[in-house]
Amino acid sequence: MTNIELIEKALYGYIFSNDTLEKNLINSMEYSLKAGGKRIRPQLVLEFARLCGCEDKVALPFACAIEMIHTYSLIHDDLPCMDDDDMRRGKPSNHIVFGEDVALLAGDALQSLAFDVMTREDTVNIAGAQVASKCVNILAAYCGALGMVGGQVIDLEHENTQTPIEVITEMHRKKTGALIKAACEIGCVCGRADNEKIFAARKYGEAIGLAFQVVDDILDVTATKEQLGKPIGSDLENNKSTYVSLLGIERCREIVAEQTQIAVDSLSVFANDATALKDIALKLKNREK
């Protein structure tokens, strides 16, 4: 079974039965959870956990929780009050199918479900109370006001402005990078890693998070709508400053290469084989969608 198959089997197992009065809400949650995607964040949880000698059954609930938080953020990101995108992963965005009201609530419910999954009795019994508590704390911090949500606010407040590169970098370290960094750290915590390894995982997450966003900016001007499964050129249309608009494509490609190398180098502190994580960093660097 591949990583993605393993993750999706566990993830879909957490979806509620829709034989309830809340059927429309549950269908909306399921629609976005099952929309596909690279499942990068839960894969990072699993791979760092494995690198630290942790069994998959311990890390999987936390990997699923990360993906639920990511999915909720995408639902909200597409709303008219945010980026106002009608397509996501080649399909109509959640609010186009279910309406803005239900989409908003589906995102809220997925966020709640993530913390429910991380603190269920089964999860705590397998992982241990200390590990579960630490993972909850990491995810709450990185997805909150000074993390992912804060990054979204910075993004909104700098639309239609000439934004300095330092602000753009800080925005993306939070909006995109924080959840990626959380995944890496949580994987290490599941494996009861020491502080040196957690710091290395954090460094890896920061580097591939920045590289991921710079590649996104490049693809927004070089890829097709069919490749990405969502509208292209939206940054230019919304008059948003990006790495590409400020630095040019060639310099952006250099940054991606530099950050990828930082990520790969950070794995040297781990005694076990880190090939899978090196491959993830390289695939993100070279992705075309």
# chains A, B, ... in the order shown; residues from 1 in each chain; ligands from 1
>>> residues_around(residues="Leu277 (chain A)", least_positions_apart="2", cutoff="10 Å", atoms="only C-alpha atoms", output="ChimeraX atom specification")
/A:43-44,47-48,51,204,263-264,267,273-275,279-283
>>> residues_around(residues="region 137-139 of chain A", least_positions_apart="6", cutoff="12 Å", atoms="only C-alpha atoms", output="short mmCIF file (atom, residue, chain, number, x, y, z; two decimals) with C-alpha atoms, in the first residue's frame")
data_model
loop_
_atom_site.label_atom_id
_atom_site.label_comp_id
_atom_site.auth_asym_id
_atom_site.auth_seq_id
_atom_site.Cartn_x
_atom_site.Cartn_y
_atom_site.Cartn_z
CA ARG A 41 1.62 17.22 4.78
CA VAL A 45 4.20 13.29 9.32
CA PHE A 62 -1.94 13.05 13.50
CA ALA A 63 -1.25 12.81 9.76
CA ALA A 65 -5.53 15.73 11.45
CA ILE A 66 -2.97 17.78 9.51
CA GLU A 67 -4.79 17.01 6.26
CA MET A 68 -8.13 18.02 7.78
CA ILE A 69 -6.68 21.38 8.80
CA HIS A 70 -5.16 21.83 5.34
CA GLN A 111 -10.90 22.08 12.05
CA ALA A 114 -8.82 17.44 13.46
CA PHE A 115 -8.47 18.14 17.19
CA MET A 118 -5.85 13.84 17.88
CA THR A 119 -7.37 13.55 21.35
CA GLN A 130 2.32 13.36 26.43
CA VAL A 131 2.87 12.85 22.69
CA ALA A 145 -3.14 33.71 14.62
CA LEU A 146 0.66 33.71 14.45
CA GLY A 147 0.76 30.88 11.92
CA MET A 148 -1.41 29.89 8.96
CA ALA A 178 3.61 26.88 9.04
CA LEU A 179 1.46 23.81 8.40
CA ILE A 180 4.27 22.09 6.50
CA LYS A 181 6.62 22.78 9.41
CA ALA A 182 3.99 21.48 11.85
CA ALA A 183 3.78 18.20 9.91
CA CYS A 184 7.54 17.69 10.12
CA GLU A 185 7.73 18.46 13.84
CA ILE A 186 4.69 16.34 14.69
CA GLY A 187 6.24 13.35 12.92
CA CYS A 188 9.34 13.69 15.10
CA VAL A 189 7.27 14.09 18.27
CA CYS A 190 5.38 10.90 17.41
CA ILE A 198 13.00 18.31 15.99
CA ARG A 202 11.67 22.37 11.56
#
>>> closest_residue(among="A:Val136, A:Leu247, A:Val269, A:Ala35", to="Asn94 (chain A)", atoms="only C-alpha atoms")
A:Ala35
>>> select_by_dssp(residues="region 68-227 of chain A", states="strand (DSSP E or B)", output="PyMOL selection string")
chain A and resi 87-88+91-92
>>> write_last_selection(atoms="N, CA and C atoms", output="PDB file, in the first residue's frame")
ATOM      1  N   MET A  87     -12.488  27.208  -8.804  1.00  0.00           N
ATOM      2  CA  MET A  87     -11.998  25.859  -9.086  1.00  0.00           C
ATOM      3  C   MET A  87     -10.918  25.474  -8.084  1.00  0.00           C
ATOM      4  N   ARG A  88     -10.896  24.195  -7.741  1.00  0.00           N
ATOM      5  CA  ARG A  88      -9.874  23.650  -6.855  1.00  0.00           C
ATOM      6  C   ARG A  88      -9.633  22.202  -7.276  1.00  0.00           C
ATOM      7  N   LYS A  91     -11.889  20.719  -9.950  1.00  0.00           N
ATOM      8  CA  LYS A  91     -13.320  20.587  -9.662  1.00  0.00           C
ATOM      9  C   LYS A  91     -13.846  21.917  -9.133  1.00  0.00           C
ATOM     10  N   PRO A  92     -15.160  22.131  -9.198  1.00  0.00           N
ATOM     11  CA  PRO A  92     -15.717  23.351  -8.610  1.00  0.00           C
ATOM     12  C   PRO A  92     -15.366  23.455  -7.126  1.00  0.00           C
TER      13      PRO A  92
END
>>> select_by_dssp(residues="region 106-263 of chain A", states="alpha helix (DSSP H)", output="VMD selection string")
chain A and resid 106 to 119 121 to 127 129 to 142 148 to 157 165 to 175 177 to 190 195 to 222 225 to 228 234 to 237 243 to 247 249 to 263
>>> closest_residue(among="A:Tyr12, A:Phe199, A:Tyr142, A:Phe212", to="Arg253 (chain A)", atoms="only C-alpha atoms")
A:Phe212
>>> residues_around(residues="Leu156 (chain A)", least_positions_apart="4", cutoff="9 Å", atoms="only C-alpha atoms", output="PDB file with C-alpha atoms, in the first residue's frame")
ATOM      1  CA  MET A  82     -10.799  35.527   0.477  1.00  0.00           C
ATOM      2  CA  ASP A  83      -9.286  34.564  -2.905  1.00  0.00           C
ATOM      3  CA  GLY A 151      -0.391  34.534   7.102  1.00  0.00           C
ATOM      4  CA  GLN A 152      -3.783  34.725   5.416  1.00  0.00           C
TER       5      GLN A 152
END
>>> atom_distance(atom1="CA of Met171 (chain A)", atom2="CA of Ile208 (chain A)")
14.9 Å
>>> closest_residue(among="A:Ile249, A:Leu79, A:Val215, A:Leu74", to="Asn286 (chain A)", atoms="only C-alpha atoms")
A:Val215
>>> residues_around(residues="region 18-32 of chain A", least_positions_apart="5", cutoff="8 Å", atoms="only C-alpha atoms", output="number ranges by chain")
A: 71, 75, 94, 98, 102-103, 105-107, 109-110
>>> write_last_selection(atoms="N, CA and C atoms", output="JSON list (two decimals), in the first residue's frame")
[["chain", "number", "residue", "atom", "x", "y", "z"],
["A", 71, "THR", "N", -7.27, 20.95, 4.50],
["A", 71, "THR", "CA", -8.49, 20.98, 3.69],
["A", 71, "THR", "C", -9.40, 22.12, 4.10],
["A", 75, "ILE", "N", -10.78, 25.28, 1.69],
["A", 75, "ILE", "CA", -12.19, 25.66, 1.54],
["A", 75, "ILE", "C", -12.37, 27.15, 1.82],
["A", 94, "ASN", "N", -15.64, 24.23, -3.14],
["A", 94, "ASN", "CA", -16.68, 23.77, -2.23],
["A", 94, "ASN", "C", -17.88, 24.72, -2.19],
["A", 98, "PHE", "N", -21.81, 23.79, -2.67],
["A", 98, "PHE", "CA", -22.65, 23.72, -1.46],
["A", 98, "PHE", "C", -23.12, 25.08, -0.95],
["A", 102, "VAL", "N", -22.58, 26.86, 3.83],
["A", 102, "VAL", "CA", -22.22, 25.49, 4.19],
["A", 102, "VAL", "C", -20.70, 25.27, 4.04],
["A", 103, "ALA", "N", -20.09, 25.86, 3.03],
["A", 103, "ALA", "CA", -18.64, 25.74, 2.85],
["A", 103, "ALA", "C", -17.89, 26.30, 4.06],
["A", 105, "LEU", "N", -18.99, 26.57, 7.10],
["A", 105, "LEU", "CA", -19.21, 25.68, 8.25],
["A", 105, "LEU", "C", -18.48, 24.35, 8.08],
["A", 106, "ALA", "N", -18.34, 23.88, 6.85],
["A", 106, "ALA", "CA", -17.58, 22.64, 6.61],
["A", 106, "ALA", "C", -16.12, 22.84, 7.00],
["A", 107, "GLY", "N", -15.57, 24.00, 6.68],
["A", 107, "GLY", "CA", -14.20, 24.29, 7.10],
["A", 107, "GLY", "C", -14.09, 24.32, 8.61],
["A", 109, "ALA", "N", -15.98, 22.77, 10.74],
["A", 109, "ALA", "CA", -16.18, 21.41, 11.26],
["A", 109, "ALA", "C", -14.94, 20.54, 11.05],
["A", 110, "LEU", "N", -14.24, 20.74, 9.94],
["A", 110, "LEU", "CA", -13.00, 19.98, 9.70],
["A", 110, "LEU", "C", -11.92, 20.38, 10.69]]
>>> atom_distance(atom1="CA of His172 (chain A)", atom2="CA of Gly90 (chain A)")
23.6 Å
>>> atom_distance(atom1="CA of Val214 (chain A)", atom2="CA of Ile255 (chain A)")
7.8 Å
